[in-house]
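Single-structure report; data block below.
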Amino acid sequence: MNFTRWSARLPGTQRRAAARAEHTVTTTDRRSEGSVPAARAEQLTDEPPPVPAVDELPVREVLDRVPALVALVHGPDHRLAYVNDAYTAAFGARPCGEPAAEALPELRDLGLMPLLDQALRSGKPRTLKSRKAPDGRHYTFTCTPVAEDHEDGTGSADRADRAVLVFATDVTDHAEAAERLRASERRQRETAVTLQRSLLPQELEQPDDLRIAATYQPGGTEAAVGGDWYDVITLGGGRTALVIGDVMGRGVRAAAVMGQLRTAVRAYARLDLPPHEVLNLLDGLATEIDANQIATCVYAVHDPNEGRLVYASAGHLPILVRDDTGHVQRADEPTGPPLGTGGWMHASGSIPLGPGSTAVLYTDGLVERRDEDLDEGIAALERALAGATGTPQVVCDRLVRSAGVTADHDDDVAVLVLQHPARTGADSELFRNAALELLGGVEAAPRARAFASGVLTSWRFPSDLHDAGVLATSELVANSLQHGTPPMRLRLRRTDRRLIIEVTDGDDHLPRRRRAEPGDESGRGIAIVATIASHWGSRRTPGGGKAVWCEFVLPTT
C-alpha cells in the first residue's frame, strides 16, 4: 500500500497544507515590499529553523513507531492493507489482502465489523470504548474513514476506493482502575445493605387486633442505600405503636443513624407517651446524633378500644387509610418539620381505623418520581390502595408493583401495611369487651369484683385464670379508689391470646411498683398485680388522668 496516496486524505492534513501555502505567500509579499538585503534580513530575524511539514513525514515510519495499535483496511469488504509493529506485537503477524473478518479475528470477536461498516458508509469516525481484547488488555478503538487521492488531487467518493484506519489505544490501566472503583462501591453498598437489613425488624410483632406486613427494597446497583426504616411495637394493654421513617442521605452513615433512631423510638415507646411527645424527644436526639442529619418520621398508636389511629408526623408523607367500603382517606394534618431541625413542638392527630380498614405507611421512594409532582404519586397510591384487597402482605406487594418499583429503582422503598380485620361468627367470640363505670364509695370495690367474676365466668376461663383476674381487678380498683379521682372506669377485654384488665381515673399521677415494709398498711397492690400478671403498665390519657392495666396470657388449647 502506497501511504503517500492516503496521507493527504487523513483528517486535518488538507487544512494544514492550505494554511502553510497561505503563510508562504504572505511572507513572500512582505519581503518584496522591503529593500533589506537577504544577509541583513537573516541577522534581524529571530525565527526558529523551519520544521518539516506533517505531510512531508514518512507516514509508514510514523505509524510503525506509534505505541498504539494501528490497522488499515480497504474497500467494502475491509481487506487488510497494513498493521503496525505494535499491532503485530499484540496479536501476531496478519496476512495483508485478506478480509478483516478473517485476517483480524480479534476485531471480529470484539464486534468491530459493524463499526467499520458505519465509518465507511457515513464518512465519519466511530469509537468503541474500553473493550477487552484476547490478549487480556483493554483498548478503545477509533475507526476513521480515509479516501484515496487521485492524481488530480481529488478524493474518491466511491466506497471501493475508501479505507478505514483502525486506531486502538491501550486503556488497560484506566479500565482496571475503574473496575477497582466499581468493586469498592459494590462492597460499600453490600455493607450498607447488610447493615440496613440487620437494623430492621427481622420479624414483625403481630398484635392481637391487627394484621401487619412490611417490605423493604434497597435502591438499584447505581443508587446508594438510604436510611428507610419501619417498626411495630406492642405497648401492652392491647395498644400498638407503628413507626416509619427516612433518614436523609445515603450509605453506611445514613443506615447507622437510622439504627440509632429506631432504637430510640423503641425506648421512648416503652414510656407509652402520646405520639407528639415521642417525636419531640426524637427531635432532640437526632440533633445530638448529627446536627447536619435530618430525618422524617411518622409515629402512630392504635388502640382497639378507640377504633382510631393517633399519630404525629415529622415532615413525613401522609398515612393512607382505606375503610371497609373502599374509600381512601389521607391523613394530612398535623405535620411538623423533620427530626433534627429542633425547636418545634409537634402535635398529634387521629384518623379512623375501624374493623375492615387498611392503613398504609410508606417512604418517599414509593411515590416520588423525577418527572412528576409528589402529589401525583400519592394520588396514584390512593387509587392503587382503593382496589387492593387481600392479606397485608398481598396488599403490600400490589402497592409496590403498582408504583413500578423494580430491582434497579433509583431510591430505597419501605412500606408498612396494617389491617384491622372485621371479625364475625365464632371468631368474634374470641374478641369481647365489658366495661363498668365506678361511682366510688365503699360498694365500688365489691361491685367491681362481682362484675369481673361474672364476666370472666361467662367467657369460660379456667378457674385459676378466673381467680387471678378477679384479684388483679380488686387491686387495680382499690388503687384507683385510694389514689385517683373520678371519673373511674373498669374495662375487661379478651382477645384470642390474652385477657386485659384496665382501670382509668381522672388523676394523672402514675403508680409505680415499690417494696412495702412489713409494717406498711398499703403499697402492695401494684406489687401483687405485677407478680400474678404477665405484664402491667400505666400511661396518661389524652384528656387528663391515667390508665393502669395488666394482662394475662391465655392458656393454649
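Chain labels run A, B, ... following the order of the C-alpha cells; each chain numbers its residues from 1, and ligands are numbered from 1 in the order shown.
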
*Tell me which protein, DNA and RNA residues are within 9 Å of Val257 of chain A, counting only C-alpha atoms, leaving out same-chain ones fewer than 6 positions away, and put them as number ranges by chain.*
A: 227, 247, 286, 289-290, 293

*Determine which residues of segment 323-435 of chain A DSSP labels as strand (DSSP E) from the backbone of this structure, then write them out as a list in words.*
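Secondary structure check on segment 323-435 of chain A, strand (DSSP E): Val328, Gln329, Arg330, Ala331, Thr335, Gly336, Gly349, Ser350, Ile351, Pro352, Ser357, Thr358, Ala359, Val360, Leu361, Tyr362, Val413, Ala414, Val415, Leu416, Val417, Leu418, Gln419, His420, Arg432, Asn433, Ala434 and Ala435 of chain A.
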
*Of the candidates A:Met113, A:Cys396, A:Ile244, A:Ala312, which shows the shortest atom-to-atom distance to Val417 of chain A, using only C-alpha atoms?*
A:Cys396

_helix (DSSP H, G or I) per DSSP on the backbone: members of segment 274-337 of chain A, as a list in words_ =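 Written out, the helix (DSSP H, G or I) residues of segment 274-337 of chain A are Pro275, His276, Glu277, Val278, Leu279, Asn280, Leu281, Leu282, Asp283, Gly284, Leu285, Ala286, Thr287, Glu288 and Ile289 of chain A.
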
Output of the above residues as a JSON list (two decimals), in the first residue's frame, restricted to C-alpha atoms:
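Contents of the output file again01.json:
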[["chain", "number", "residue", "atom", "x", "y", "z"],
["A", 275, "PRO", "CA", -47.13, 10.34, 69.60],
["A", 276, "HIS", "CA", -46.22, 14.03, 69.58],
["A", 277, "GLU", "CA", -44.19, 13.69, 72.79],
["A", 278, "VAL", "CA", -42.25, 10.78, 71.29],
["A", 279, "LEU", "CA", -41.38, 12.93, 68.26],
["A", 280, "ASN", "CA", -40.33, 15.83, 70.49],
["A", 281, "LEU", "CA", -37.87, 13.52, 72.26],
["A", 282, "LEU", "CA", -36.64, 12.11, 68.94],
["A", 283, "ASP", "CA", -36.10, 15.61, 67.57],
["A", 284, "GLY", "CA", -33.65, 16.46, 70.33],
["A", 285, "LEU", "CA", -31.88, 13.12, 70.00],
["A", 286, "ALA", "CA", -31.50, 13.50, 66.21],
["A", 287, "THR", "CA", -29.76, 16.83, 66.77],
["A", 288, "GLU", "CA", -27.36, 15.21, 69.22],
["A", 289, "ILE", "CA", -26.58, 12.30, 66.88]]

*asked:* So that I can check the surroundings of segment 166-172 of chain A, please list as a ChimeraX atom specification every protein, DNA and RNA residue that reaches within 12 Å of it, counting only C-alpha atoms and ignoring chain neighbours fewer than 3 positions away.
replied: /A:63,66-74,78,80-84,86-87,90,100,104,107,112-113,115-116,119-120,125-133,135-146,163,175-179

*Rank nothing, just name the residue among A:Asp505, A:Glu551, A:Glu102, A:Asp408 nearest to His483 of chain A, using only C-alpha atoms.*
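Comparing A:Asp505, A:Glu551, A:Glu102, A:Asp408 against His483 of chain A, the winner is A:Asp505.
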
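Within 10 Å of Gly537 of chain A, once only C-alpha atoms are used and residues closer than 2 positions along the same chain are dropped, the contacting residues are Leu235, Gly236, Gly237, Arg270, Leu271, Asp272, Glu502, Leu510, Pro511, Arg512, Arg513, Ile526, Ala530, His535, Arg539, Ala547, Val548, Trp549, Cys550 and Glu551 of chain A.
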
*Skipping near chain neighbours, those fewer than 2 positions away, what residues fall within 9 Å of segment 457-461 of chain A using only C-alpha atoms, listed as JSON, numbers by chain?*
{"A": [429, 430, 432, 452, 453, 454, 455, 463, 464, 465, 466, 494, 554]}
